[in-house]
Every structure is written in C-alpha cells, then in structure tokens.
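Quick notes on the structure that follows.
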Amino acid sequence: MTSKSAAAAARATVYGYPRQGQNRELKKAIEGYWKGRVTADALRETAGELRRTHWKQLAEAGVTEVPTGDFSYYDHVLDTSVMVGAVPDRHRAAVGADALDGFFAMARGTQQVAPLEMTKWFDTNYHYLVPELGPDTVFSADSAKQVGELKEALGLGLSPRPVLVGPVTYLLLAKPAPGVAADFDPLTLLDRLLPVYAEVLADLRAAGAEWVQLDEPALVQDRTPAELNAAARAYRDLGALSDRPKLLVASYFDRLGDALPVLAKAPVDGLALDFTEAAAANLEDLAAVGGLPGKRLVAGVVNGRNIWANDLTASLSTLGTLLGLAERVDVAASCSLLHVPLDTAAERDIEPQILRWLAFAKQKTREIVTLAKGLSQGTDTIAAELAANRADLASRESSPITRDPAVRARAAAVTEADTRRAQAYGERAGAQRSHLGLPLLPSTTIGSFPQTSELRTARADLRAGRIDVAGYEERISTEIQEVVSFQEKAGIDVLVHGEPERNDMVQYFAEQLRGCLATQHGWVQSYGTRYVRPPILAGDISRPEPMTVRWTSYAQSLTDRPVKGMLTGPVTMLAWSFVRDDQPLGDTARQVALALRDEVNDLEAAGTSVIQVDEPALRETLPLRAADHPAYLDWATESFRITTAGVRPDTQIHTHMCYAEFGDIVQAIDDLDADVISLEAARSHMQVARELAAHGYPREAGPGVYDIHSPRVPSTEEAAELLRTGLRAIPAERLWVNPDCGLKTRGWPETRASLENLVAAARIVRGEL
Ligand code: GLN
Ligand code: ZN
C-alpha cells in the first residue's frame, strides 16, 4: 500500500439506500394510507422503523457515515421542492391543510388538481417529480424533514451525513410552471435559491451535522458555459458561508468533464466522484486538474446501479491510484443504492453458486466496507474476502451460462447483409400493399388489450397451483377469442391477440430466453409505490423455443384479417433489465437481436404478415453525453435491423415508441428501417406527424389519435379532426390510425367505445379523400 498514513482512516459510506424494506413494507403502508386503512401515525411509525433498520444494517456492516434525508414517501426531488418551498399554486391549499396529504396530492394529483409531471431520473429507471418554477417563484426554507431524520440517526449514536439534491441540479431538473413562458430558464432563480440552501445548511449544522452531501448529477451531462458558471457561483457562495457544515459535492452516472475543474476549484470540502466504467475518465481528469489537495475525495468504485459483484482487486487498484490525489480518500458506491434490490439472500430460486456473482444493496455495502478496510489497513487484512471474490469472478467467467460457444459463433458471423432487408423500403411497400390489401388509413392497435383482474387472478392461481397449465391456457384462449371477435366487429383492419399471456413486456421474454435470470424479491423503485423486478441478462442469450408463435397463430386461426405479431425489441429488453457488465452492451444487444430474429422468422413461417417490434426505450437509453450518442445509436439501430431483416419483402415490420418528442433521434428511427412506426401524438395534436414530415421521414406512420393515459373516451369527431391534422403532414398512402400506446391499463368499457370511435373516424376521413 503506497501511503498508509493518508489512507489510515478510509471511511465506508453510501449516498442512499433502498426505501421499501425487505417485504415492501413501505409500499403497503403508503397504499394502505391512501385507502384509509392505515393512519398517518402508523405510516410514520413504519417509515421510522424502516429508516432505523436500514441505518443499523449499514452501521453493523461497518459503514462509518450513514446517509440521512434520502428516505422518501414518494420521491426525493419532490422532498426537495418541499424543502425549498416550491409548492405549485394549485397545491398550496392542500399542503396548507395537511402536509402529508398535500405531499401526496402533488405526487399523484386529486380529482381537482393535476400532479407534478413525472420523468426519468437521468438514465435510470427511477422517476422523479419535476419541479415547476417561474419568475414569481418565492423560495422559503423548510428543513424539518432533513433535520428530523438527522436527529433520528444521531439519537441512535450513528454518524450521519444528510444528503440533499444540490441547488444547480434542482434547477436544471425543473421546468417552467404552467402558464409561464416555455423559454423561462429556472437557472435564473439560482440567486434566490442559494439563501434557502444556506438556511437549511445552517439548520443541519445546528442540529449536529458535520458533513452535508449535495448531489449534483446534472453536472455529468453536457453543460453550457453559463451553466458551469452557475455551478461555480453556487459553490463559491455556499462555500463562503460562515455557519455551515463541511460540504461534499457528489456526482454520479457519468464523468464530470468540464464541471470537474469547476468543482475542484470551488471552496467546498470534498467531492464524490463516480469511478465505475461509465465514468472512468474521471480518473485521468482528476489527475489532470492536480487532484483535490486539502480536500476529501469519496470514490464511487462499487457500481451502485448494476447487480454484479464488484471486482475487489480492480477497485483496490483504482483506490490506490487515487490515494495521492486528495487529502483523504473514502470508499462508496458510485450512486445511491436506490437503484438496486435489497438483498440477494432473499432469492431462493437462483442457484447458490450464481447468487455469489450478484450483489444487491446489502452485498454492495459489504464490498464497500471491505474495500475501505483494505485501503486503510492493507490488503492482507482482507485476504480472505479477496480470495473468495476472485473465486466468484472466476466461476462467473468460466460458467457455460456466461459463454455459450454457439451463441458467440453466431454473433461473430453476422454480416452486413444480415442487417439489411433484401429490398429498400420503397420497393417493399408495394409488395406489402398487394399482399395485405389494406384500405387507406388502415386501423390497428399497439398490442395489449385490458389486463383484467380475472387475467391477473388466473396468473396468480397458476403460480399458487390452484389451477393447472391447461386451465390457465383455457383462460388465455377465451380472452384471445373475445379480443379478436371484438376487433372484427369493430372493423379494425390489422388485429392483435391482445397480449393476455404477458405479465410484462420484458419479463415475459426474459423468462423464455436462455441466459436470463428472474428474481423473486429483486424489487426496485420505479416511482412512488410502484416497484419493478427487472430480469437479469446474465449470460449469453439464446432462444431455446418459439416464444409467441403459439398464441399469435391461435389468434390468426380465428380470423381472416391479418393478426400482427408482437415482440419487445432488443434495446428495450436491455433498458428494462440488469445487463451483464463483462462485455459491451452492444454485444449483448446483438445476442438478444439474434434470438428475436428467430422469433420473427418463425412468426412469418407460421403465416404472420405483420410483425411489430416495440422499442419504447430507444430514446431513454441515449447516453447522458452527446459525444456518446453515435456509438449507442449505431448498435441500437443495428440490433433492431438484425431482429427484423430476415423476413420477406412483403412482410410488414412495425415498431412502436411511446413518446412525442424525438426530434433528436429521427435519423435513428429511419435507420431502424421499419415499414411502419406508431407513436404517441394525441395530447400534442399530432406534433409528431409534423416533426416526421419536417425531417422527410419516408415511411408509414401511425401518430396516435387516442390518448390511452386516461379513461376518457375520445369522440369520433375529435379523432377525425386529429386524422385530418395528421393528413396535412403525412399523405394518406402512409398514414395509419391507432391509439397512442397499448391498452393494458384501460378497462373494457372505455376501450370498446374508444376503438369504435377510432374506426368510425377512419371511415369518415377515408370518405373525404
Ligand atoms: N405492445 C405493447 C403493448 O401494447 C407496447 C407497450 C409499450 O409501448 N410500452 O402493451
Ligand atoms: Zn407505448
């Protein structure tokens, strides 16, 4: 070990911990409160108990500094809005009447008022509530939650470090409030916001905080000079405060880039940086600015957002390099552990040997503690842990799950021709027109029909053994019959089978692919009380058997109209899973694509003439830095083409994405070389259609005319008007008629009425052509 003295007291810490509890106690308590079954006091009691349990878990594992303030009943960005008094006007009355109910009203809306908008937290699958700000926003400090949690932890004899969303990131994540000009820049409020942060910091200091962490992940994105200046100003001002705790400014998810020298120069006491592979450049950049003399460096060497066991030896080597670069070096996960499940020990269905390859929050905590000990006391003191870790990594590397020679050979043999359809779109379109014989403005849906409680019960009954496979399949067949017969009667042109057999559009496929693992308790917060259990793409991926052919063919056997096959695309499969970290994402995407290609070809061979490959995650998976976009889009679009390029020219490939803003990826959408794309458009009055036209998008498109996010039924005239608007941008030969997205969250009554109106609208507008 190079400099034992500098490392003598390396501390182990984390920035945040999963909130829900081992049995999702928090979800149950909050939802119980909403339903009136749990009192506010009981909810607070459960929340306090969970915080205590988690802090104790951390402390007992050897974490020296525990985070506080990271806990939330819903979302920590919403907590920050409350902390700085940025409550939207429409919610003031509710918040004034009851803070807790007002908080939930902002999160979820009420009959009378809309909630805050929700969007993705950087490139994770966590969603935060977007602050709404305007030139008239008046901030005011409310440090009660932060101070309260700090005192709880101090009362337990722990050494807590409050964690706050930093002021620059808070403003950069905000948007203009309703009624405020769209070009209002929330960052102009910085000077008004900083005194509020100063007050909160003083309160935390007074309550006993030695250190406070300010999270600034927005600084790992491309930032303008003005934004970097704002960051410099913010930390110059906060650093200059006399009555303040020590400040640790944290960044994660990517490299700091140009923001690194800004923060390194700021008069704060420490920086926390991500040193995992995605942010590896931080290491060189830090050396290039001369390190952080006199400051504390918290090194995020354990990946906080994947579920793989750390390579302890490699991390120790990174930590060793960092030792000379700061006054002291502490060890952490790269980001809050919010993004991973709690504990691998709860998993009973994964082989013990494979379980050792994985690390959830509890295991990551142990890794951090081990690394801190190795760094402080020498690697001999963790020899046993290092040996066990090497054995686990070796077992993973040499496992047939990790390396399937047949899959590798096939992926290596992919040629340019495999990634291109035999004919260009223009030629294919004619072949498809004569093959399918569809009318102008053909109508279709996006795939799923209502997932009724009967269907969910049937699945639960199957799992619990209350019904057998035959009984379950009987239920599914009946459902498909009903879905097909409804669509025929309604007059839809291209039918779907309705996806009743799918629990989830990613999990359903992951369960059938070789190389994927499913967890029983691997819950991760998506938003509020919604938790997901992402599958783990652990090894080389292949498809032992057809996955969708049976139900698609069954639906086709019931009707003369074309039934569209329905698959989840390779990018979305990766985006909504935990993906192996031992090879580039593009390599894994290619394996998934080849597995899906077999499915596409089998569907075609079984008589399916229209096949949809959904890629709702194409845009959200864009890397945080623009410089990394081309490489991503390259493998992303290629994997889609590998999936779909094996079909005949007269087989029509559809794709679907659920968002309205995609100006920045129109080229990529074109590079998918799909024949038809459906997109969300109803709320934006067909904005998408105009954007496609502006970019000269040459293919067929179905901008949605039915907003499926609410039970509201669009009238025939309303849908017809949207179609007419669409026709001003896209010619009739290339315009499709469909809803915005799948109907799985809708009920049958509104689904029936809406689709009948949609078909009627198509007929009316066809008559006008
Ligand atoms: N085919 C899927 C469905 O209809 C698509 C879902 C999605 O776009 N998120 O449910
Ligand atoms: Zn969708």
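Within each chain, counting starts at residue 1; across the structure tokens, chains are named A, B, ... in the order shown, with ligands numbered 1 upward in that order.
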Open item on the list: Give me, as a PyMOL selection string, the set of residues whose atoms come within 9 Å of any atom of ligand 2, counting only C-alpha atoms and all ligand atoms.
Closed with: chain A and resi 446+614-616+656-659+678-680+740-742
Restricting the output to C-alpha atoms, write the selected residues as a PDB file, in the first residue's frame.
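Just written: part30.pdb:
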ATOM      1  CA  ILE A 446     -50.489  -1.166 -30.262  1.00  0.00           C
ATOM      2  CA  ASP A 614     -41.646  -2.448 -29.795  1.00  0.00           C
ATOM      3  CA  GLU A 615     -38.769  -0.126 -28.898  1.00  0.00           C
ATOM      4  CA  PRO A 616     -40.235   2.333 -26.384  1.00  0.00           C
ATOM      5  CA  HIS A 656     -43.724   1.430 -31.644  1.00  0.00           C
ATOM      6  CA  MET A 657     -42.404   4.103 -29.292  1.00  0.00           C
ATOM      7  CA  CYS A 658     -44.366   5.856 -26.587  1.00  0.00           C
ATOM      8  CA  TYR A 659     -43.236   9.424 -26.652  1.00  0.00           C
ATOM      9  CA  SER A 678     -46.645   4.138 -34.287  1.00  0.00           C
ATOM     10  CA  LEU A 679     -46.021   6.951 -31.813  1.00  0.00           C
ATOM     11  CA  GLU A 680     -47.776   8.892 -29.095  1.00  0.00           C
ATOM     12  CA  ASP A 740     -51.060   6.227 -28.550  1.00  0.00           C
ATOM     13  CA  CYS A 741     -49.964   3.033 -26.817  1.00  0.00           C
ATOM     14  CA  GLY A 742     -51.128  -0.361 -25.538  1.00  0.00           C
TER      15      GLY A 742
END
TODO: Using only C-alpha atoms and all ligand atoms, determine which residues fall within 12 Å of ligand 1, then list them as a count of residues only.
DONE: 59
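Taking segment 286-452 of chain A and asking which residues DSSP calls strand (DSSP E or B) on the backbone, you get Leu292, Pro293, Gly294, Lys295, Arg296, Leu297, Val298, Ala299, Gly300, Val301, Val302, Trp308, Ala326, Glu327, Arg328, Val329, Asp330, Val331, Ala332, Ala333, Leu358, Ser443, Thr444 and Ser448 of chain A.
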Using N, CA and C atoms, can you export the residues from the last selection as a short mmCIF file (atom, residue, chain, number, x, y, z; two decimals), in the first residue's frame?
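Resulting contents of selection23.cif:
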data_model
loop_
_atom_site.label_atom_id
_atom_site.label_comp_id
_atom_site.auth_asym_id
_atom_site.auth_seq_id
_atom_site.Cartn_x
_atom_site.Cartn_y
_atom_site.Cartn_z
N LEU A 292 -7.23 16.84 -5.64
CA LEU A 292 -8.01 17.69 -4.73
C LEU A 292 -7.19 17.95 -3.47
N PRO A 293 -6.11 18.71 -3.60
CA PRO A 293 -5.27 18.92 -2.42
C PRO A 293 -6.08 19.55 -1.28
N GLY A 294 -5.91 19.01 -0.10
CA GLY A 294 -6.60 19.54 1.07
C GLY A 294 -8.06 19.14 1.16
N LYS A 295 -8.53 18.37 0.19
CA LYS A 295 -9.95 18.01 0.20
C LYS A 295 -10.16 16.52 0.42
N ARG A 296 -11.41 16.20 0.68
CA ARG A 296 -11.81 14.81 0.82
C ARG A 296 -12.32 14.32 -0.53
N LEU A 297 -11.92 13.12 -0.90
CA LEU A 297 -12.45 12.51 -2.13
C LEU A 297 -13.22 11.25 -1.73
N VAL A 298 -14.48 11.19 -2.12
CA VAL A 298 -15.24 9.96 -1.90
C VAL A 298 -15.28 9.24 -3.25
N ALA A 299 -14.73 8.05 -3.27
CA ALA A 299 -14.55 7.34 -4.53
C ALA A 299 -15.65 6.30 -4.73
N GLY A 300 -16.52 6.54 -5.71
CA GLY A 300 -17.58 5.59 -6.03
C GLY A 300 -17.02 4.49 -6.91
N VAL A 301 -16.48 3.46 -6.28
CA VAL A 301 -15.86 2.39 -7.06
C VAL A 301 -16.76 1.16 -7.18
N VAL A 302 -17.77 1.09 -6.32
CA VAL A 302 -18.70 -0.05 -6.40
C VAL A 302 -19.92 0.43 -7.18
N TRP A 308 -24.00 -6.65 -10.15
CA TRP A 308 -22.89 -7.59 -10.23
C TRP A 308 -21.92 -7.39 -9.08
N ALA A 326 -5.78 13.24 -3.16
CA ALA A 326 -6.62 14.02 -2.26
C ALA A 326 -6.09 13.90 -0.85
N GLU A 327 -6.57 14.75 0.00
CA GLU A 327 -6.18 14.74 1.40
C GLU A 327 -6.56 13.41 2.05
N ARG A 328 -7.78 12.96 1.74
CA ARG A 328 -8.20 11.66 2.23
C ARG A 328 -9.12 11.03 1.18
N VAL A 329 -9.12 9.71 1.14
CA VAL A 329 -9.95 9.01 0.17
C VAL A 329 -10.88 8.06 0.91
N ASP A 330 -12.17 8.23 0.69
CA ASP A 330 -13.16 7.33 1.28
C ASP A 330 -13.80 6.49 0.18
N VAL A 331 -14.49 5.44 0.59
CA VAL A 331 -15.00 4.48 -0.39
C VAL A 331 -16.53 4.45 -0.36
N ALA A 332 -17.12 4.42 -1.55
CA ALA A 332 -18.59 4.43 -1.65
C ALA A 332 -19.05 3.66 -2.88
N ALA A 333 -20.37 3.52 -2.99
CA ALA A 333 -20.95 3.06 -4.25
C ALA A 333 -20.99 4.27 -5.18
N LEU A 358 -23.69 -12.11 -7.78
CA LEU A 358 -24.54 -10.92 -7.68
C LEU A 358 -24.31 -10.15 -6.38
N SER A 443 -56.54 0.82 -39.81
CA SER A 443 -56.59 0.97 -38.36
C SER A 443 -55.96 -0.24 -37.68
N THR A 444 -55.32 0.01 -36.54
CA THR A 444 -54.73 -1.07 -35.75
C THR A 444 -54.60 -0.59 -34.31
N SER A 448 -51.50 -4.56 -26.57
CA SER A 448 -52.20 -5.11 -25.42
C SER A 448 -53.64 -4.61 -25.37
#
Open item on the list: Using DSSP secondary structure from the backbone, list all alpha helix (DSSP H) positions within segment 368-438 of chain A, as a PyMOL selection string.
Closed with: chain A and resi 368-377+383-398+405-412+425-436
Task: Among listed residues A:Ala424, A:Leu58, A:Ile480, A:Leu247, nearest Arg699 of chain A (using only C-alpha atoms) - done: A:Ala424
